[in-house]
file protein_15.cif (mmCIF, C-alpha atoms)
data_run
#
loop_
_atom_site.group_PDB
_atom_site.id
_atom_site.type_symbol
_atom_site.label_atom_id
_atom_site.label_comp_id
_atom_site.auth_asym_id
_atom_site.auth_seq_id
_atom_site.Cartn_x
_atom_site.Cartn_y
_atom_site.Cartn_z
ATOM 1 C CA SER A 1 -17.654 -23.184 -4.708
ATOM 2 C CA GLY A 2 -13.919 -23.068 -5.310
ATOM 3 C CA ALA A 3 -14.288 -25.772 -7.960
ATOM 4 C CA ASP A 4 -16.551 -23.457 -9.984
ATOM 5 C CA PHE A 5 -13.813 -20.828 -10.132
ATOM 6 C CA GLU A 6 -11.057 -23.330 -10.914
ATOM 7 C CA ARG A 7 -13.138 -24.521 -13.849
ATOM 8 C CA LEU A 8 -13.705 -20.921 -15.000
ATOM 9 C CA VAL A 9 -9.968 -20.191 -14.864
ATOM 10 C CA LEU A 10 -9.181 -23.210 -17.030
ATOM 11 C CA ALA A 11 -11.982 -22.329 -19.439
ATOM 12 C CA ALA A 12 -10.853 -18.706 -19.711
ATOM 13 C CA ARG A 13 -7.258 -19.721 -20.406
ATOM 14 C CA SER A 14 -8.365 -22.010 -23.211
ATOM 15 C CA THR A 15 -10.810 -19.719 -25.028
ATOM 16 C CA SER A 16 -8.266 -18.419 -27.541
ATOM 17 C CA ALA A 17 -7.333 -21.978 -28.488
ATOM 18 C CA LYS A 18 -10.896 -23.160 -28.962
ATOM 19 C CA ALA A 19 -12.232 -23.970 -32.365
ATOM 20 C CA GLY A 20 -15.084 -21.797 -33.524
ATOM 21 C CA ASP A 21 -15.833 -18.295 -32.282
ATOM 22 C CA PRO A 22 -13.701 -17.211 -29.282
ATOM 23 C CA LYS A 23 -16.045 -14.255 -28.750
ATOM 24 C CA ALA A 24 -18.950 -16.616 -28.167
ATOM 25 C CA ALA A 25 -16.859 -18.709 -25.777
ATOM 26 C CA THR A 26 -15.856 -15.588 -23.852
ATOM 27 C CA GLN A 27 -19.463 -14.403 -23.678
ATOM 28 C CA GLU A 28 -20.398 -17.711 -22.084
ATOM 29 C CA LEU A 29 -17.703 -17.155 -19.458
ATOM 30 C CA LEU A 30 -18.901 -13.616 -18.780
ATOM 31 C CA ASP A 31 -22.462 -14.865 -18.372
ATOM 32 C CA GLU A 32 -21.355 -17.557 -15.952
ATOM 33 C CA LEU A 33 -19.077 -15.352 -13.841
ATOM 34 C CA LEU A 34 -21.140 -12.158 -13.863
ATOM 35 C CA GLY A 35 -24.583 -13.590 -14.456
ATOM 36 C CA SER A 36 -27.327 -13.007 -16.992
ATOM 37 C CA SER A 37 -28.556 -10.634 -14.283
ATOM 38 C CA PRO A 38 -26.599 -9.242 -11.301
ATOM 39 C CA SER A 39 -28.607 -11.245 -8.771
ATOM 40 C CA LYS A 40 -27.296 -14.426 -10.413
ATOM 41 C CA ALA A 41 -23.692 -13.298 -10.665
ATOM 42 C CA LEU A 42 -21.357 -15.999 -9.402
ATOM 43 C CA ILE A 43 -18.750 -13.425 -8.384
ATOM 44 C CA ILE A 44 -21.237 -11.627 -6.108
ATOM 45 C CA ARG A 45 -22.210 -14.871 -4.393
ATOM 46 C CA ALA A 46 -18.507 -15.620 -3.832
ATOM 47 C CA LEU A 47 -17.498 -12.202 -2.523
ATOM 48 C CA VAL A 48 -20.426 -11.737 -0.147
ATOM 49 C CA PRO A 49 -19.079 -14.185 2.499
ATOM 50 C CA ASP A 50 -15.952 -12.958 4.275
ATOM 51 C CA THR A 51 -13.961 -15.992 3.141
ATOM 52 C CA LYS A 52 -10.450 -15.128 1.988
ATOM 53 C CA VAL A 53 -9.813 -18.343 0.065
ATOM 54 C CA LEU A 54 -13.052 -18.146 -1.909
ATOM 55 C CA ARG A 55 -12.542 -14.413 -2.505
ATOM 56 C CA SER A 56 -9.052 -15.069 -3.865
ATOM 57 C CA GLN A 57 -10.377 -17.783 -6.165
ATOM 58 C CA ALA A 58 -13.197 -15.542 -7.382
ATOM 59 C CA LEU A 59 -10.880 -12.626 -8.155
ATOM 60 C CA ASN A 60 -8.418 -14.936 -9.881
ATOM 61 C CA ALA A 61 -11.223 -16.273 -12.069
ATOM 62 C CA ALA A 62 -12.397 -12.727 -12.808
ATOM 63 C CA GLY A 63 -8.866 -11.787 -13.832
ATOM 64 C CA GLU A 64 -8.646 -14.667 -16.280
ATOM 65 C CA VAL A 65 -12.059 -13.849 -17.737
ATOM 66 C CA VAL A 66 -10.966 -10.219 -18.192
ATOM 67 C CA LYS A 67 -7.864 -11.395 -20.068
ATOM 68 C CA ALA A 68 -10.067 -13.555 -22.289
ATOM 69 C CA ALA A 69 -12.408 -10.620 -22.891
ATOM 70 C CA VAL A 70 -9.504 -8.386 -23.940
ATOM 71 C CA ALA A 71 -8.062 -11.072 -26.214
ATOM 72 C CA SER A 72 -11.372 -11.773 -27.931
ATOM 73 C CA GLY A 73 -12.621 -8.188 -28.285
ATOM 74 C CA LYS A 74 -15.413 -8.566 -25.730
ATOM 75 C CA CYS A 75 -14.256 -5.743 -23.449
ATOM 76 C CA SER A 76 -17.411 -3.674 -23.825
ATOM 77 C CA ALA A 77 -19.562 -6.646 -22.839
ATOM 78 C CA ALA A 78 -17.375 -7.316 -19.798
ATOM 79 C CA PHE A 79 -17.425 -3.638 -18.842
ATOM 80 C CA GLN A 80 -21.230 -3.532 -18.992
ATOM 81 C CA LYS A 81 -21.555 -6.637 -16.849
ATOM 82 C CA PHE A 82 -19.157 -5.301 -14.208
ATOM 83 C CA GLU A 83 -21.156 -2.066 -14.153
ATOM 84 C CA ALA A 84 -24.348 -4.054 -13.637
ATOM 85 C CA VAL A 85 -22.718 -5.695 -10.602
ATOM 86 C CA LEU A 86 -21.931 -2.249 -9.179
ATOM 87 C CA ASP A 87 -25.601 -1.354 -9.586
ATOM 88 C CA ALA A 88 -26.699 -4.374 -7.541
ATOM 89 C CA LEU A 89 -24.398 -4.391 -4.507
ATOM 90 C CA PRO A 90 -25.486 -6.362 -1.414
ATOM 91 C CA ALA A 91 -27.262 -4.522 1.376
ATOM 92 C CA ASP A 92 -24.753 -5.658 4.005
ATOM 93 C CA ALA A 93 -21.996 -3.028 4.309
ATOM 94 C CA GLY A 94 -19.106 -5.485 4.580
ATOM 95 C CA ALA A 95 -20.303 -7.605 1.672
ATOM 96 C CA SER A 96 -20.962 -4.501 -0.416
ATOM 97 C CA GLU A 97 -17.409 -3.263 0.235
ATOM 98 C CA ARG A 98 -15.870 -6.587 -0.799
ATOM 99 C CA VAL A 99 -17.891 -6.843 -3.993
ATOM 100 C CA ALA A 100 -17.361 -3.190 -4.946
ATOM 101 C CA THR A 101 -13.594 -3.153 -4.409
ATOM 102 C CA GLY A 102 -13.142 -6.407 -6.297
ATOM 103 C CA THR A 103 -15.353 -5.324 -9.181
ATOM 104 C CA LEU A 104 -13.729 -1.887 -9.508
ATOM 105 C CA GLY A 105 -10.330 -3.552 -9.591
ATOM 106 C CA TYR A 106 -11.333 -5.514 -12.664
ATOM 107 C CA VAL A 107 -13.040 -2.555 -14.269
ATOM 108 C CA ALA A 108 -9.613 -0.885 -14.084
ATOM 109 C CA LYS A 109 -8.050 -3.802 -15.973
ATOM 110 C CA LEU A 110 -10.302 -3.044 -18.965
ATOM 111 C CA ALA A 111 -8.745 0.435 -19.373
ATOM 112 C CA GLY A 112 -7.764 1.202 -22.943
ATOM 113 C CA SER A 113 -10.251 -1.298 -24.345
ATOM 114 C CA VAL A 114 -13.527 0.633 -24.114
ATOM 115 C CA ASP A 115 -14.775 3.724 -25.937
ATOM 116 C CA LEU A 116 -14.800 7.308 -24.638
ATOM 117 C CA PRO A 117 -18.513 7.409 -23.685
ATOM 118 C CA ALA A 118 -17.920 4.392 -21.428
ATOM 119 C CA VAL A 119 -14.902 6.101 -19.849
ATOM 120 C CA LEU A 120 -16.855 9.284 -19.164
ATOM 121 C CA ASP A 121 -19.790 7.277 -17.797
ATOM 122 C CA LEU A 122 -17.374 5.506 -15.454
ATOM 123 C CA LEU A 123 -15.984 8.831 -14.265
ATOM 124 C CA GLU A 124 -19.460 10.101 -13.429
ATOM 125 C CA ARG A 125 -20.245 6.811 -11.681
ATOM 126 C CA CYS A 126 -17.065 7.040 -9.608
ATOM 127 C CA LYS A 127 -17.430 10.641 -8.452
ATOM 128 C CA PRO A 128 -20.100 9.915 -5.798
ATOM 129 C CA ILE A 129 -18.174 6.779 -4.766
ATOM 130 C CA PHE A 130 -15.136 8.995 -4.025
ATOM 131 C CA GLY A 131 -17.045 10.474 -1.108
ATOM 132 C CA GLY A 132 -18.676 7.251 0.050
ATOM 133 C CA ALA A 133 -18.456 5.700 3.493
ATOM 134 C CA SER A 134 -15.773 3.163 2.583
ATOM 135 C CA LEU A 135 -12.263 4.502 1.992
ATOM 136 C CA ASP A 136 -11.246 1.203 0.362
ATOM 137 C CA VAL A 137 -14.062 1.412 -2.177
ATOM 138 C CA ALA A 138 -13.343 5.099 -2.782
ATOM 139 C CA ALA A 139 -9.667 4.316 -3.411
ATOM 140 C CA ALA A 140 -10.591 1.522 -5.835
ATOM 141 C CA ALA A 141 -12.892 3.919 -7.700
ATOM 142 C CA SER A 142 -10.130 6.527 -7.842
ATOM 143 C CA LEU A 143 -7.701 4.039 -9.359
ATOM 144 C CA ALA A 144 -10.275 2.765 -11.857
ATOM 145 C CA ALA A 145 -11.256 6.241 -13.047
ATOM 146 C CA GLY A 146 -7.652 7.434 -13.235
ATOM 147 C CA THR A 147 -6.503 4.373 -15.155
ATOM 148 C CA HIS A 148 -9.291 4.682 -17.736
ATOM 149 C CA LEU A 149 -8.682 8.415 -18.182
ATOM 150 C CA ARG A 150 -4.928 7.845 -18.580
ATOM 151 C CA GLU A 151 -5.460 5.274 -21.314
ATOM 152 C CA ALA A 152 -8.030 7.495 -23.030
ATOM 153 C CA ILE A 153 -5.457 10.315 -23.090
ATOM 154 C CA ALA A 154 -2.788 7.960 -24.463
ATOM 155 C CA LYS A 155 -5.105 6.860 -27.286
ATOM 156 C CA GLY A 156 -6.027 10.450 -28.154
ATOM 157 C CA LEU A 157 -9.657 9.977 -27.157
ATOM 158 C CA ILE A 158 -9.636 12.810 -24.641
ATOM 159 C CA ALA A 159 -7.529 15.949 -24.205
ATOM 160 C CA PRO A 160 -5.532 16.235 -20.957
ATOM 161 C CA ASP A 161 -6.892 19.751 -20.419
ATOM 162 C CA ALA A 162 -10.492 18.532 -20.632
ATOM 163 C CA GLU A 163 -12.139 16.301 -17.997
ATOM 164 C CA PRO A 164 -8.893 15.197 -16.261
ATOM 165 C CA THR A 165 -7.712 18.764 -15.602
ATOM 166 C CA ALA A 166 -11.210 19.895 -14.644
ATOM 167 C CA LEU A 167 -11.354 17.057 -12.119
ATOM 168 C CA LEU A 168 -7.986 18.024 -10.617
ATOM 169 C CA THR A 169 -8.829 21.717 -10.387
ATOM 170 C CA SER A 170 -12.150 21.101 -8.669
ATOM 171 C CA ALA A 171 -10.662 18.486 -6.317
ATOM 172 C CA LEU A 172 -7.912 20.843 -5.123
ATOM 173 C CA VAL A 173 -10.514 23.520 -4.400
ATOM 174 C CA GLU A 174 -12.688 20.982 -2.579
ATOM 175 C CA MET A 175 -9.691 19.844 -0.505
ATOM 176 C CA ALA A 176 -9.001 23.372 0.703
ATOM 177 C CA ASN A 177 -12.657 23.808 1.672
ATOM 178 C CA ALA A 178 -13.672 20.332 2.872
ATOM 179 C CA ASN A 179 -16.200 20.486 5.671
ATOM 180 C CA SER A 180 -17.081 16.820 6.158
ATOM 181 C CA ALA A 181 -15.510 13.368 5.983
ATOM 182 C CA SER A 182 -17.298 12.760 2.679
ATOM 183 C CA GLU A 183 -15.898 15.947 1.144
ATOM 184 C CA ALA A 184 -12.436 15.087 2.447
ATOM 185 C CA ARG A 185 -12.467 11.657 0.792
ATOM 186 C CA SER A 186 -14.062 12.988 -2.393
ATOM 187 C CA ALA A 187 -11.370 15.626 -2.863
ATOM 188 C CA ALA A 188 -8.513 13.226 -2.112
ATOM 189 C CA CYS A 189 -9.822 10.614 -4.532
ATOM 190 C CA GLY A 190 -10.380 13.251 -7.201
ATOM 191 C CA VAL A 191 -6.776 14.387 -6.869
ATOM 192 C CA GLY A 192 -5.546 10.794 -7.074
ATOM 193 C CA ALA A 193 -7.656 9.965 -10.134
ATOM 194 C CA ALA A 194 -6.763 13.159 -11.992
ATOM 195 C CA VAL A 195 -3.015 12.989 -11.367
ATOM 196 C CA GLY A 196 -3.085 9.270 -12.106
ATOM 197 C CA ALA A 197 -4.544 10.194 -15.497
ATOM 198 C CA LEU A 198 -2.346 13.191 -16.239
ATOM 199 C CA GLY A 199 0.924 11.790 -14.914
ATOM 200 C CA ALA A 200 3.540 13.059 -12.481
ATOM 201 C CA ALA A 201 4.163 16.220 -14.499
ATOM 202 C CA ALA A 202 0.763 17.498 -13.342
ATOM 203 C CA ILE A 203 2.067 17.669 -9.761
ATOM 204 C CA ILE A 204 4.337 20.596 -10.617
ATOM 205 C CA GLN A 205 2.144 22.072 -13.329
ATOM 206 C CA HIS A 206 -0.849 22.396 -11.006
ATOM 207 C CA GLY A 207 0.966 22.959 -7.710
ATOM 208 C CA VAL A 208 -0.498 19.807 -6.186
ATOM 209 C CA VAL A 209 2.144 19.207 -3.489
ATOM 210 C CA ASN A 210 2.240 22.903 -2.626
ATOM 211 C CA THR A 211 -1.506 22.857 -2.040
ATOM 212 C CA ILE A 212 -1.262 19.673 0.032
ATOM 213 C CA ASN A 213 1.491 21.183 2.186
ATOM 214 C CA GLU A 214 -0.437 24.414 2.714
ATOM 215 C CA VAL A 215 -3.585 22.563 3.729
ATOM 216 C CA MET A 216 -1.781 20.112 6.048
ATOM 217 C CA ASP A 217 -0.022 23.030 7.762
ATOM 218 C CA SER A 218 -3.238 24.941 8.369
ATOM 219 C CA LYS A 219 -3.635 26.060 11.986
ATOM 220 C CA SER A 220 -7.316 26.871 11.687
ATOM 221 C CA LYS A 221 -9.534 25.042 14.156
ATOM 222 C CA THR A 222 -12.151 24.633 11.413
ATOM 223 C CA ALA A 223 -9.736 23.028 8.934
ATOM 224 C CA ALA A 224 -9.683 19.480 10.335
ATOM 225 C CA HIS A 225 -11.475 17.936 7.368
ATOM 226 C CA CYS A 226 -9.274 19.910 4.972
ATOM 227 C CA ARG A 227 -6.174 18.554 6.674
ATOM 228 C CA GLU A 228 -7.664 15.061 6.645
ATOM 229 C CA SER A 229 -8.260 15.431 2.904
ATOM 230 C CA ALA A 230 -4.671 16.527 2.277
ATOM 231 C CA THR A 231 -3.256 13.499 4.103
ATOM 232 C CA LEU A 232 -5.586 11.133 2.256
ATOM 233 C CA ALA A 233 -4.582 12.762 -1.033
ATOM 234 C CA VAL A 234 -0.959 11.809 -0.351
ATOM 235 C CA GLY A 235 -2.075 8.199 0.023
ATOM 236 C CA MET A 236 -4.132 8.322 -3.182
ATOM 237 C CA LEU A 237 -1.195 9.812 -5.096
ATOM 238 C CA CYS A 238 1.118 7.086 -3.791
ATOM 239 C CA ARG A 239 -1.295 4.436 -5.021
ATOM 240 C CA ALA A 240 -1.933 6.158 -8.358
ATOM 241 C CA LEU A 241 1.676 6.934 -9.296
ATOM 242 C CA GLN A 242 3.569 4.415 -7.131
ATOM 243 C CA PHE A 243 7.348 4.919 -7.478
ATOM 244 C CA LYS A 244 6.843 7.975 -9.694
ATOM 245 C CA PHE A 245 5.537 9.839 -6.652
ATOM 246 C CA GLU A 246 8.617 9.024 -4.556
ATOM 247 C CA PRO A 247 10.457 12.313 -5.243
ATOM 248 C CA TYR A 248 7.441 14.193 -3.878
ATOM 249 C CA ALA A 249 6.367 11.688 -1.219
ATOM 250 C CA ILE A 250 9.605 11.299 0.725
ATOM 251 C CA PRO A 251 9.883 15.025 1.626
ATOM 252 C CA LEU A 252 6.302 14.804 2.944
ATOM 253 C CA LEU A 253 7.084 11.918 5.298
ATOM 254 C CA PRO A 254 8.330 13.986 8.290
ATOM 255 C CA GLN A 255 5.143 16.038 8.232
ATOM 256 C CA LEU A 256 3.013 12.883 8.043
ATOM 257 C CA VAL A 257 4.884 11.321 10.969
ATOM 258 C CA LYS A 258 4.255 14.471 12.977
ATOM 259 C CA LEU A 259 0.549 14.199 12.189
ATOM 260 C CA PHE A 260 0.395 10.661 13.611
ATOM 261 C CA ALA A 261 0.056 12.387 16.997
ATOM 262 C CA ASP A 262 -2.406 15.041 15.853
ATOM 263 C CA LYS A 263 -5.120 15.824 18.382
ATOM 264 C CA ASP A 264 -7.753 15.234 15.727
ATOM 265 C CA LYS A 265 -8.108 11.474 15.157
ATOM 266 C CA LYS A 266 -9.300 11.779 11.568
ATOM 267 C CA VAL A 267 -6.162 13.726 10.652
ATOM 268 C CA ALA A 268 -3.960 11.173 12.438
ATOM 269 C CA ASP A 269 -5.792 8.323 10.672
ATOM 270 C CA GLY A 270 -5.358 10.042 7.312
ATOM 271 C CA ALA A 271 -1.642 10.481 7.931
ATOM 272 C CA THR A 272 -1.334 6.799 8.851
ATOM 273 C CA TYR A 273 -3.135 5.811 5.651
ATOM 274 C CA ALA A 274 -0.821 8.026 3.589
ATOM 275 C CA ALA A 275 2.358 6.728 5.225
ATOM 276 C CA ARG A 276 1.281 3.118 4.755
ATOM 277 C CA ALA A 277 0.532 3.735 1.063
ATOM 278 C CA MET A 278 3.869 5.519 0.700
ATOM 279 C CA ILE A 279 5.863 2.670 2.217
ATOM 280 C CA GLU A 280 3.992 0.057 0.159
ATOM 281 C CA GLY A 281 4.790 1.971 -3.030
ATOM 282 C CA LEU A 282 8.511 2.544 -2.439
ATOM 283 C CA SER A 283 10.709 1.027 -5.123
#
call {"tool": "encode", "arguments": {"input": "protein_15.cif", "output": "structure tokens"}}
result
Amino acid sequence: SGADFERLVLAARSTSAKAGDPKAATQELLDELLGSSPSKALIIRALVPDTKVLRSQALNAAGEVVKAAVASGKCSAAFQKFEAVLDALPADAGASERVATGTLGYVAKLAGSVDLPAVLDLLERCKPIFGGASLDVAAAASLAAGTHLREAIAKGLIAPDAEPTALLTSALVEMANANSASEARSAACGVGAAVGALGAAAIIQHGVVNTINEVMDSKSKTAAHCRESATLAVGMLCRALQFKFEPYAIPLLPQLVKLFADKDKKVADGATYAARAMIEGLS
């Protein structure tokens, strides 16, 4: 119930002030919110119903528990429990989407507080999600992976020209050759995650916008999924870089507006998604 989450929020906010071991207090919160096993996770039970108020309360409680985990050095434990939730998603598609997007959002908030093996494991976990059926879940995975990679680069745990650049290179190739909706989403999310990790400078260094423009302008009748991928990539870049993508996003807007009326619905839908993300991210 909502009262359970209100109590968790208050408990999380007071852990640092508690006498004794704050790590133990935080572990108790993690166990209560995320369960001793995924099937018992309070956050799953709250996010399964399509109830906005309860969902908001659950995510607020999760946010406070994450803050407590960071403050008390229990990030690895929190990360593992969130991963366990992702391994036990509900069978219902709508419920699964709500739980996955919420959980991935809080996985992203642990960036910079877990070790490199955990970051690389997350990247491998996210790659198949990039091409999943839900664009919202794919976008959440892209942001989570990109945020963790960015923080790993900043801490010197990983070289920019290692996994992040490899991800970007392969995603740009996949975009230009996408032959299904799954491949289109996978490539777009890969571009968003990689550039989110590497920063705006990677856009010029790797010719990202040039590739996007070339693919969107393709006249080939067999390039619909490629063009869809390019439009979705614009949206992912807007969400990953926010205002830092403005100098590149605004010149793309006329082309996106033109694609709103594209004969292929998936291209038009991708352009709409990109334009919405662009407008939401304008400073």
call {"tool": "resolve_selection", "arguments": {"input": "protein_15.cif", "expression": "the PyMOL selection byres ((chain A and resi 218-232) around 9)", "output": "JSON, numbers by chain"}}
result
{"A": [174, 175, 176, 177, 178, 179, 180, 181, 183, 184, 185, 186, 187, 188, 189, 211, 212, 213, 214, 215, 216, 217, 233, 234, 235, 236, 237, 256, 259, 264, 266, 267, 268, 269, 270, 271, 272, 273, 274, 275]}
call {"tool": "resolve_selection", "arguments": {"input": "protein_15.cif", "expression": "the PyMOL selection byres ((chain A and resi 116) around 10)", "output": "PyMOL selection string"}}
result
chain A and resi 112-115+117-122+148-149+152-153+156-158
call {"tool": "resolve_selection", "arguments": {"input": "protein_15.cif", "expression": "the PyMOL selection byres ((chain A and resi 76-82) around 7)", "output": "list in words"}}
result
Leu30, Leu34, Ala69, Lys74, Cys75, Glu83, Ala84, Val85, Leu86, Thr103, Val107 and Val114 of chain A
call {"tool": "closest_residue", "arguments": {"input": "protein_15.cif", "among": "A:Ser134, A:Ala261, A:Gln205, A:Ala159", "to": "Thr101 in chain A", "atoms": "all atoms listed in the file"}}
result
A:Ser134
call {"tool": "closest_residue", "arguments": {"input": "protein_15.cif", "among": "A:Gly105, A:Gly199, A:Gly190, A:Pro254", "to": "Gly63 in chain A", "atoms": "all atoms listed in the file"}}
result
A:Gly105
call {"tool": "residues_around", "arguments": {"input": "protein_15.cif", "residues": "Ile129 in chain A", "least_positions_apart": "5", "cutoff": "8 Å", "atoms": "only C-alpha atoms", "output": "list in words"}}
result
Val137, Ala138, Ala141 and Ser186 of chain A
call {"tool": "atom_distance", "arguments": {"input": "protein_15.cif", "atom1": "CA of Arg239 in chain A", "atom2": "CA of Leu143 in chain A"}}
result
7.7 Å
call {"tool": "atom_distance", "arguments": {"input": "protein_15.cif", "atom1": "CA of Gln242 in chain A", "atom2": "CA of Ala200 in chain A"}}
result
10.2 Å
call {"tool": "closest_residue", "arguments": {"input": "protein_15.cif", "among": "A:Ala197, A:Cys126, A:Ile279, A:Val257", "to": "Ala154 in chain A", "atoms": "all atoms listed in the file"}}
result
A:Ala197
call {"tool": "atom_distance", "arguments": {"input": "protein_15.cif", "atom1": "CA of Leu89 in chain A", "atom2": "CA of Leu54 in chain A"}}
result
18.0 Å
call {"tool": "decode", "arguments": {"input": "protein_15.cif", "residues": "range 140-172 of chain A", "atoms": "C-alpha atoms", "output": "PDB file, in the first residue's frame"}}
result
ATOM      1  CA  ALA A 140      15.616   3.119 -20.199  1.00  0.00           C
ATOM      2  CA  ALA A 141      18.242   0.428 -20.815  1.00  0.00           C
ATOM      3  CA  SER A 142      20.129   2.748 -23.161  1.00  0.00           C
ATOM      4  CA  LEU A 143      20.236   5.494 -20.546  1.00  0.00           C
ATOM      5  CA  ALA A 144      21.281   3.086 -17.790  1.00  0.00           C
ATOM      6  CA  ALA A 145      24.108   1.549 -19.818  1.00  0.00           C
ATOM      7  CA  GLY A 146      25.328   4.919 -21.084  1.00  0.00           C
ATOM      8  CA  THR A 147      25.301   6.478 -17.629  1.00  0.00           C
ATOM      9  CA  HIS A 148      27.284   3.611 -16.085  1.00  0.00           C
ATOM     10  CA  LEU A 149      29.819   3.623 -18.927  1.00  0.00           C
ATOM     11  CA  ARG A 150      30.234   7.409 -18.659  1.00  0.00           C
ATOM     12  CA  GLU A 151      30.966   7.213 -14.945  1.00  0.00           C
ATOM     13  CA  ALA A 152      33.342   4.287 -15.474  1.00  0.00           C
ATOM     14  CA  ILE A 153      35.261   6.390 -18.019  1.00  0.00           C
ATOM     15  CA  ALA A 154      35.351   9.356 -15.621  1.00  0.00           C
ATOM     16  CA  LYS A 155      36.789   7.166 -12.848  1.00  0.00           C
ATOM     17  CA  GLY A 156      39.422   5.678 -15.160  1.00  0.00           C
ATOM     18  CA  LEU A 157      37.942   2.192 -14.939  1.00  0.00           C
ATOM     19  CA  ILE A 158      37.480   1.837 -18.683  1.00  0.00           C
ATOM     20  CA  ALA A 159      39.122   3.443 -21.718  1.00  0.00           C
ATOM     21  CA  PRO A 160      36.842   5.453 -24.037  1.00  0.00           C
ATOM     22  CA  ASP A 161      38.233   3.578 -27.045  1.00  0.00           C
ATOM     23  CA  ALA A 162      37.328   0.206 -25.529  1.00  0.00           C
ATOM     24  CA  GLU A 163      33.732  -1.007 -25.044  1.00  0.00           C
ATOM     25  CA  PRO A 164      32.044   2.413 -25.509  1.00  0.00           C
ATOM     26  CA  THR A 165      33.643   3.044 -28.915  1.00  0.00           C
ATOM     27  CA  ALA A 166      33.113  -0.561 -29.988  1.00  0.00           C
ATOM     28  CA  LEU A 167      29.431  -0.201 -29.116  1.00  0.00           C
ATOM     29  CA  LEU A 168      29.114   3.014 -31.141  1.00  0.00           C
ATOM     30  CA  THR A 169      30.914   1.615 -34.175  1.00  0.00           C
ATOM     31  CA  SER A 170      28.797  -1.525 -34.287  1.00  0.00           C
ATOM     32  CA  ALA A 171      25.560   0.409 -33.680  1.00  0.00           C
ATOM     33  CA  LEU A 172      26.211   2.790 -36.588  1.00  0.00           C
TER      34      LEU A 172
END
